[in-house]
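One structure below.
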Amino acid sequence: MSAPTDGPWLDDAAGRLIRPYTVSGGRTRPTTAMDLLTLVMSTGTAPQAYLGPEHAEALGLCQGPTSVAEVAACLRLPATVTKVLLSDLMDCGAITARPPDSFHNPTDRFLLEAVLDGLRRQL
């Protein structure tokens with residue numbers, strides 16, 4: 001089976017054709033600490049080594065500041081696997097990461113209501 005050049009490896013009937021942890025080489029820990037709200041963004045530097053189609057897709061999602069959670073959702077991969085892919089991209093200088101701009105209080109009512117509204121829209 002040849003690797004597709006774009007999109008996740010999905011089949012309508014079978015679902016994902018490869019196991020999620022296969023794309024991270026079985027690794028479950030990123031080399032860089034980040035949480036789901038960490039914002040990642042492309043630096044414009046191309047990775048020197050071939051990293052795989054999921055890395056390329058993740059990099060494409062990072063054209064503007066994007067949260068780790070958003071990247072994971074778009075890739076349809078577990079957050080842990082996504083963090084490993086993003087840390088690989090950080091290690092080669094292809095992306096940068098920073099904490100979210102206005103996340104000073106995790107119990108902020110406005111933030112919690114915005115998250116709840118977003119979840120409701122997905123249902």
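To be explicit about the labels: the chains of the structure tokens are called A, B, and onward in the order shown, and within each one the residues are counted from 1, while ligands get numbers from 1 in the order they are shown.
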* To do: Excluding region 37-49 of chain A and any residue of its chain fewer than 6 positions from it, enumerate the residues within 6 Å of it, using only C-alpha atoms, and give them as a ChimeraX atom specification.
  => /A:62-68,92,94-100
* Quick one: pick out all alpha helix (DSSP H) residues within region 23-100 of chain A from a backbone DSSP run and write them as a ChimeraX atom specification. => /A:53-61,68-75,79-91
Selection to disk with C-alpha atoms, as a PDB file, in the first residue's frame:
```
ATOM      1  CA  PRO A  53       2.171  12.585   5.955  1.00  0.00           C
ATOM      2  CA  GLU A  54       0.636  13.314   9.357  1.00  0.00           C
ATOM      3  CA  HIS A  55       3.487  15.690  10.169  1.00  0.00           C
ATOM      4  CA  ALA A  56       2.932  17.485   6.855  1.00  0.00           C
ATOM      5  CA  GLU A  57      -0.796  17.711   7.507  1.00  0.00           C
ATOM      6  CA  ALA A  58      -0.207  19.027  11.039  1.00  0.00           C
ATOM      7  CA  LEU A  59       2.229  21.606   9.709  1.00  0.00           C
ATOM      8  CA  GLY A  60      -0.352  22.723   7.157  1.00  0.00           C
ATOM      9  CA  LEU A  61      -2.838  23.329   9.968  1.00  0.00           C
ATOM     10  CA  VAL A  68      -3.109  21.663  20.013  1.00  0.00           C
ATOM     11  CA  ALA A  69      -6.733  20.576  20.545  1.00  0.00           C
ATOM     12  CA  GLU A  70      -7.750  21.977  17.141  1.00  0.00           C
ATOM     13  CA  VAL A  71      -4.877  20.222  15.386  1.00  0.00           C
ATOM     14  CA  ALA A  72      -5.781  16.925  17.088  1.00  0.00           C
ATOM     15  CA  ALA A  73      -9.421  17.284  16.051  1.00  0.00           C
ATOM     16  CA  CYS A  74      -8.548  18.065  12.432  1.00  0.00           C
ATOM     17  CA  LEU A  75      -6.101  15.142  12.254  1.00  0.00           C
ATOM     18  CA  ALA A  79      -4.168  14.475  21.724  1.00  0.00           C
ATOM     19  CA  THR A  80      -1.135  12.532  22.983  1.00  0.00           C
ATOM     20  CA  VAL A  81      -0.202  11.421  19.465  1.00  0.00           C
ATOM     21  CA  THR A  82      -0.754  14.943  18.147  1.00  0.00           C
ATOM     22  CA  LYS A  83       1.540  16.361  20.831  1.00  0.00           C
ATOM     23  CA  VAL A  84       4.275  13.936  19.747  1.00  0.00           C
ATOM     24  CA  LEU A  85       3.885  14.990  16.091  1.00  0.00           C
ATOM     25  CA  LEU A  86       3.926  18.680  17.020  1.00  0.00           C
ATOM     26  CA  SER A  87       6.974  18.236  19.257  1.00  0.00           C
ATOM     27  CA  ASP A  88       8.772  16.594  16.319  1.00  0.00           C
ATOM     28  CA  LEU A  89       7.944  19.682  14.244  1.00  0.00           C
ATOM     29  CA  MET A  90       9.170  21.935  17.048  1.00  0.00           C
ATOM     30  CA  ASP A  91      12.404  19.965  17.351  1.00  0.00           C
TER      31      ASP A  91
END
```
Every residue of region 42-108 of chain A that DSSP places in strand (DSSP E), as a tab-separated table (two decimals) with C-alpha atoms, in the first residue's frame:
```
chain	number	residue	atom	x	y	z
A	42	SER	CA	4.48	27.51	11.52
A	66	THR	CA	-3.81	27.07	16.30
A	67	SER	CA	-4.40	25.18	19.53
A	95	ILE	CA	6.74	25.38	14.34
A	96	THR	CA	6.79	27.41	17.52
A	97	ALA	CA	4.55	27.03	20.56
A	98	ARG	CA	3.31	29.46	23.17
```
